[in-house]
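Data first, discussion second: the structure below is written as structure tokens.
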Amino acid sequence: MEKRDHSASDYFVQREVLDETRLDDFALKGTWSAKPTLGERVKESLRCSVPRLKHTVLSWVPVLGWLPQYSIRENAIGDLISGCSVGIMHLPQGMAYALLASLRPVFGLYTSLYPVLIYFIFGTSRHISIGTFAVISIMVGSVTERMAPDGNFIVNSTNGTLTVNIDARDDFRVQIACSLTVLAGIFQILLGVVRFGFVVTYLSEPLVRGYTTGSACHVCVSQLKYLFGVTPSRFTGPLSLIYTLVDICRLLPQTKVPELVVSLVALSVLIVVKEVNACYRQKLPLPIPIELIVIIAATIITHFCGLPSKYKIDVVGEIPSGLQAPRAPDTTIFLQLIGDAFAVAIVGYAINISLGKTFALKHGYKVDSNQELVALGLSNSVGGFFQCYSVTSSLSRSLVQESTGGKTQVAGVISSIIVLITVLKVGALFEDLPKAVLSTIVFVNLKGMFKQFMDVPELWKTNKVDLLVWLVTFTSTVLLNLDLGLAVSIGFSMLTVIFRTQLPRYSILGLVPSTDLYLDTDTYRAAKEIPGIKIFRSSTTIYYTNAEMYLEALQEKSGIEIGKLLTAKRKQDKDLRRKLEKEKKKEKEEAKKQRKAVSQLTNGTLSLEKLEISEGRVAAELKHQSQGKGPALSLTKTLTNSLSKGQVNWAYQCDTAMLNLDSDIGLPGDGTTDQVSHHGDEEEGWTCGSETHSIILDISTTSFVDTVTVNTFKNIFRDFGEVDLDIYLAGCQACVMEQLEAASFFSASIPKSRFFLTVHDAVLHILKKRGQMDLILDVSCNTQM
């Protein structure tokens, strides 16, 4: 052999061709199982030991694992600065987002206090900031306004006019919000206990981003009434956002100019300073707490200028000092809240885990998705008893907590202390704060969610299916409200998964010369089909939804229409049977004539000449009949006549030198294949694609098989085998082989020797079996890269 220099990127393989039977011996496949039995698993789960107890406690209460190892020297300063920064953000955002939930601002402060402390104990993310969030707040607000509308609390005033009993309305809305929060927390705890954290994987990133963008539109429209100082009608159900927007536009002539001026001034200051924070974030040790500054300044100006009395500016009102005693939720309305609570639970968890995993990946630690469910559920359920509404992590606060040096959840505790001081001592000072200022804070914090509109051109370039999910989610959320929009979005996302598996890419593979690479011939020009062999592959798992399409694509790509071939084959069988019956009938007539001749001879009616002519034939016939071989003679005679007339078609065996004329030919159903055919227009399908003798199905992409798949493969082996086409499977994973064995797939007609480790193994086996040694030299085991 010629000697060559090989680079380091070349590799050479020399081994025997491996089918599944040989692979089991070669790789020492065992029948043992490393997995414990069910009884052993139950026994192990019931066993109690100190290490096991310690591991269980630490997994359910993570703070016991990391807090004793907390390094004050490395983490304390960063957590202190981060906690103060986030605590300052909690104050304005808590009060502002409480308005989204149709609650008084003080309940937003409660929500920024208790759940943060609970998450500190049970959470596993070090950087997310738990508390109020615009999307969750608007979801809670849609429920409170639906179940406690103003119309249910109209009373007669002293002067005879109808007014709304605001205190009674707000108290009932607090009960609704707390009950919804407790129920959502129970859902999250139950899902976490049964290790159902993977449910969030069904909420893809385009779906979550489209949903939050649509929710931002609801938040924006809900705050317009505070900016313009108008009171639009309340709408519920589909298209409520459109109706509300139209009603606000109708009321624009009634805009309160003082409130609009306050809103525009606050909005301008917030936007300018936040842009400065963004531009100089590398140089500033801490971002300028402009939200808190605006709140303090607006409160002072409003109080000392007497704006509420002079210009009727709507202010926050009474903020009670101190903490409220815990109160049990109203369980009588749980049935009315089940759907909303589940939606809040899933959306809150999706936002929380996506942020948590983002920061964990950046800083190199692990977030337990199931424990996050439990932590968030406990934050909600415990917080609901202390008049908090549903919480999740906030992107803006989490970014501040991470960028200002926060290292652990201790930053959350420090932020809670700041909120606690505000609730106990400072909260009452904000009673003259204009609601319009809180609305501007909400508007400015929606910037990040509105920037998600830039996903549209990006997804257009990268993945149009994800773009469609984003657009459908956004549209359904805007038009159908948050609850129905989420349901429609998840349903549509599931449909895209089904359609993708039902519409895979089917390919005919060809060999790249001097390699063992088999690539799609439509994509790679260097890939050439091997004469007589079709290699077929699907890009996805074959199961009941696409099994029929798999068979249709196999016929279309290979150019072999098995239905026509089987019809032509059965017609040949029928013609051959008819010919055999005709020959048998003719033999019977000849035997009858000969018996008659013998009878006439006995009676002396035949002449001596005729007797001499037929004597030899009679003797031979009598001898043949005594041995019972009449039909065999007839069949041999038929085959001989057919061969002499050039009427044999050996189903896809194009080389006439390969014909085996000594093989048996039997009737259909006796285990042999009839290979005699008539040439005619009606049998054109029987002769098409006659160059193909073998088909290799590459099923390396199949990760499981179901009953329909097993039956489909059995039918392929049966039907293609009837027309003398050999079927081979390649790339079958071990788990799939186990499933096929469990389904009693293998038999004498489908042996394991038809299953090969790779496509290359199957090709080499076929070429060697057919004696095509010249092709084997080209399809070598020595490959170059």
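Going by the structure tokens order, chains are called A, B, ..., each with residues numbered from 1, while ligands are numbered from 1 in the order shown.
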Next item on the list: Would you list the contacts of segment 187-201 of chain A as a list in words, taking every protein, DNA or RNA residue within 6 Å and counting only C-alpha atoms, but skipping same-chain residues closer than 4 positions in sequence?
Entry: Ala350, Ser369, Asn370, Leu373, Val374 and Gly377 of chain A
Check: If you count only C-alpha atoms, which residues fall within 8 Å of segment 423-439 of chain A, apart from same-chain ones fewer than 5 positions away, as number ranges by chain?
Finding: A: 92-93, 95-96, 106, 109-110, 223-224, 226-227, 259-260, 262-263, 266-267, 294-296, 298-300, 302-303, 308, 313-323
Near segment 411-416 of chain A, 9 Å: segment 108-205 of chain A residue rows, closest pairs, only C-alpha atoms, as JSON lines:
```
{"residue": "A:Ser112", "atom": "CA", "partner": "A:Ser416", "partner_atom": "CA", "distance": 7.0}
{"residue": "A:Leu113", "atom": "CA", "partner": "A:Ser416", "partner_atom": "CA", "distance": 5.1}
{"residue": "A:Tyr114", "atom": "CA", "partner": "A:Ser416", "partner_atom": "CA", "distance": 7.8}
{"residue": "A:Val116", "atom": "CA", "partner": "A:Gly412", "partner_atom": "CA", "distance": 6.2}
{"residue": "A:Leu117", "atom": "CA", "partner": "A:Val413", "partner_atom": "CA", "distance": 6.2}
{"residue": "A:Tyr119", "atom": "CA", "partner": "A:Gly412", "partner_atom": "CA", "distance": 8.6}
{"residue": "A:Phe120", "atom": "CA", "partner": "A:Gly412", "partner_atom": "CA", "distance": 6.9}
{"residue": "A:Arg126", "atom": "CA", "partner": "A:Ala411", "partner_atom": "CA", "distance": 8.8}
{"residue": "A:His127", "atom": "CA", "partner": "A:Ala411", "partner_atom": "CA", "distance": 8.5}
{"residue": "A:Ile128", "atom": "CA", "partner": "A:Gly412", "partner_atom": "CA", "distance": 8.7}
{"residue": "A:Ser129", "atom": "CA", "partner": "A:Gly412", "partner_atom": "CA", "distance": 6.8}
{"residue": "A:Ile130", "atom": "CA", "partner": "A:Gly412", "partner_atom": "CA", "distance": 8.0}
```
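The smallest atom-to-atom distance between Leu764 of chain A and any of A:Leu511, A:Val442, A:Leu479, A:Ile77, using only C-alpha atoms, is found for A:Leu511.
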Check: Leu23 of chain A: which residues within 12 Å, counting only C-alpha atoms, same-chain residues fewer than 4 positions away excluded, as a PyMOL selection string?
Finding: chain A and resi 15-19+27-30+732+734+752-753+755-758+761
Could you write those residues out with all heavy atoms, as a compact mmCIF listing (two decimals), in the first residue's frame?
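selection-v3.txt written:
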```txt
# COMPACT_ATOMS: atom_id res chain seq x y z
N ARG A 15 -12.32 -1.91 11.92
CA ARG A 15 -13.06 -2.82 12.77
C ARG A 15 -14.01 -3.63 11.92
O ARG A 15 -14.22 -3.34 10.74
CB ARG A 15 -13.85 -2.04 13.84
CG ARG A 15 -14.91 -1.10 13.28
CD ARG A 15 -15.80 -0.57 14.38
NE ARG A 15 -16.75 0.43 13.93
CZ ARG A 15 -17.91 0.17 13.32
NH1 ARG A 15 -18.25 -1.09 13.06
NH2 ARG A 15 -18.72 1.15 12.95
N GLU A 16 -14.60 -4.65 12.53
CA GLU A 16 -15.56 -5.45 11.79
C GLU A 16 -16.91 -4.73 11.71
O GLU A 16 -17.21 -3.85 12.51
CB GLU A 16 -15.74 -6.80 12.48
CG GLU A 16 -16.31 -6.70 13.88
CD GLU A 16 -16.57 -8.06 14.50
OE1 GLU A 16 -17.36 -8.80 13.91
OE2 GLU A 16 -15.98 -8.35 15.55
N VAL A 17 -17.70 -5.12 10.73
CA VAL A 17 -19.04 -4.59 10.59
C VAL A 17 -19.90 -5.13 11.73
O VAL A 17 -19.92 -6.34 11.98
CB VAL A 17 -19.65 -4.97 9.23
CG1 VAL A 17 -21.10 -4.55 9.14
CG2 VAL A 17 -18.85 -4.33 8.11
N LEU A 18 -20.60 -4.25 12.41
CA LEU A 18 -21.35 -4.63 13.61
C LEU A 18 -22.85 -4.47 13.37
O LEU A 18 -23.33 -3.37 13.13
CB LEU A 18 -20.94 -3.77 14.80
CG LEU A 18 -19.49 -3.93 15.30
CD1 LEU A 18 -19.22 -2.93 16.42
CD2 LEU A 18 -19.24 -5.34 15.79
N ASP A 19 -23.56 -5.59 13.44
CA ASP A 19 -25.02 -5.50 13.57
C ASP A 19 -25.35 -5.61 15.05
O ASP A 19 -24.47 -5.74 15.89
CB ASP A 19 -25.72 -6.57 12.73
CG ASP A 19 -25.30 -7.98 13.12
OD1 ASP A 19 -24.87 -8.18 14.27
OD2 ASP A 19 -25.37 -8.89 12.27
N ALA A 27 -19.51 -5.53 22.55
CA ALA A 27 -19.50 -4.51 23.60
C ALA A 27 -19.89 -5.06 24.96
O ALA A 27 -20.09 -4.28 25.91
CB ALA A 27 -20.43 -3.35 23.22
N LEU A 28 -20.04 -6.38 25.06
CA LEU A 28 -20.36 -7.04 26.32
C LEU A 28 -21.63 -6.49 26.96
O LEU A 28 -21.65 -6.04 28.11
CB LEU A 28 -19.19 -6.91 27.30
CG LEU A 28 -17.84 -7.47 26.82
CD1 LEU A 28 -16.76 -7.22 27.86
CD2 LEU A 28 -17.95 -8.95 26.50
N LYS A 29 -22.70 -6.50 26.17
CA LYS A 29 -23.97 -6.03 26.72
C LYS A 29 -24.43 -6.99 27.81
O LYS A 29 -24.44 -8.20 27.63
CB LYS A 29 -25.02 -5.96 25.61
CG LYS A 29 -26.38 -5.47 26.11
CD LYS A 29 -27.38 -5.40 24.98
CE LYS A 29 -28.74 -4.93 25.49
NZ LYS A 29 -29.75 -4.87 24.43
N GLY A 30 -24.84 -6.41 28.94
CA GLY A 30 -25.28 -7.23 30.06
C GLY A 30 -26.77 -7.18 30.25
O GLY A 30 -27.45 -6.26 29.79
N CYS A 732 -29.88 2.66 15.76
CA CYS A 732 -30.93 2.44 16.75
C CYS A 732 -30.34 2.56 18.15
O CYS A 732 -29.39 1.87 18.51
CB CYS A 732 -31.54 1.05 16.55
SG CYS A 732 -33.03 0.77 17.47
N ALA A 734 -29.96 2.31 22.28
CA ALA A 734 -30.16 1.16 23.16
C ALA A 734 -31.55 1.15 23.78
O ALA A 734 -32.19 0.10 23.90
CB ALA A 734 -29.09 1.16 24.25
N LYS A 752 -32.36 -9.58 14.38
CA LYS A 752 -31.51 -8.49 14.84
C LYS A 752 -30.35 -8.22 13.88
O LYS A 752 -29.74 -7.16 13.92
CB LYS A 752 -30.94 -8.81 16.23
CG LYS A 752 -31.86 -8.45 17.37
CD LYS A 752 -31.10 -8.53 18.69
CE LYS A 752 -32.00 -8.08 19.85
NZ LYS A 752 -31.29 -8.11 21.14
N SER A 753 -30.08 -9.21 13.01
CA SER A 753 -28.99 -9.02 12.05
C SER A 753 -29.34 -7.97 11.00
O SER A 753 -28.48 -7.59 10.21
CB SER A 753 -28.67 -10.35 11.36
OG SER A 753 -29.83 -10.88 10.72
N PHE A 755 -30.30 -4.99 11.98
CA PHE A 755 -30.09 -3.75 12.71
C PHE A 755 -28.59 -3.52 12.86
O PHE A 755 -27.87 -4.40 13.36
CB PHE A 755 -30.75 -3.80 14.08
CG PHE A 755 -32.25 -3.71 14.03
CD1 PHE A 755 -33.02 -4.73 13.49
CD2 PHE A 755 -32.91 -2.60 14.52
CE1 PHE A 755 -34.39 -4.65 13.43
CE2 PHE A 755 -34.29 -2.50 14.48
CZ PHE A 755 -35.03 -3.53 13.92
N PHE A 756 -28.12 -2.35 12.47
CA PHE A 756 -26.69 -2.06 12.47
C PHE A 756 -26.38 -0.83 13.31
O PHE A 756 -27.22 0.06 13.49
CB PHE A 756 -26.18 -1.87 11.04
CG PHE A 756 -26.13 -3.15 10.27
CD1 PHE A 756 -27.26 -3.60 9.59
CD2 PHE A 756 -24.98 -3.93 10.24
CE1 PHE A 756 -27.23 -4.80 8.89
CE2 PHE A 756 -24.95 -5.13 9.55
CZ PHE A 756 -26.07 -5.56 8.88
N LEU A 757 -25.15 -0.81 13.80
CA LEU A 757 -24.71 0.27 14.68
C LEU A 757 -24.73 1.61 13.95
O LEU A 757 -25.17 2.62 14.50
CB LEU A 757 -23.31 -0.04 15.21
CG LEU A 757 -22.72 0.97 16.19
CD1 LEU A 757 -23.55 1.05 17.45
CD2 LEU A 757 -21.28 0.58 16.54
N THR A 758 -24.24 1.63 12.74
CA THR A 758 -24.20 2.87 11.95
C THR A 758 -24.69 2.57 10.54
O THR A 758 -24.80 1.41 10.12
CB THR A 758 -22.78 3.45 11.88
OG1 THR A 758 -21.94 2.54 11.14
CG2 THR A 758 -22.20 3.68 13.26
N ASP A 761 -21.94 0.69 8.61
CA ASP A 761 -21.94 -0.75 8.83
C ASP A 761 -22.96 -1.44 7.93
O ASP A 761 -22.68 -2.48 7.34
CB ASP A 761 -22.25 -1.06 10.30
CG ASP A 761 -21.09 -0.73 11.22
OD1 ASP A 761 -20.05 -1.39 11.12
OD2 ASP A 761 -21.24 0.19 12.04
```
Next item on the list: Measuring atom to atom with only C-alpha atoms, identify which of A:Ile695, A:Val444, A:Leu740, A:Ile136 is nearest to Gly721 of chain A.
Entry: A:Ile695
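Counting only C-alpha atoms and comparing A:Thr111, A:Thr523, A:Thr231, A:Thr515, the residue that lies closest to His90 of chain A is A:Thr111.
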Note to self: Residues near His218 of chain A, anyone? I mean within 9 Å using only C-alpha atoms, not counting same-chain ones fewer than 3 positions away, as an NGL selection string.
What the structure shows: :A and (135 or 138 or 214-215 or 221-223 or 241 or 477-478 or 481-482)
Margin query: Using only C-alpha atoms, can you tell me which of A:Ala184, A:Thr540, A:Gly731, A:Phe386 comes closest to Tyr506 of chain A?
Written below: A:Thr540
Checklist line | Nearby residues (only C-alpha atoms) at most 8 Å from Val512 of chain A, same-chain spacing under 6 positions excluded, as a list in words | finding: Tyr518, Leu519, Ala526, Ala527 and Lys528 of chain A
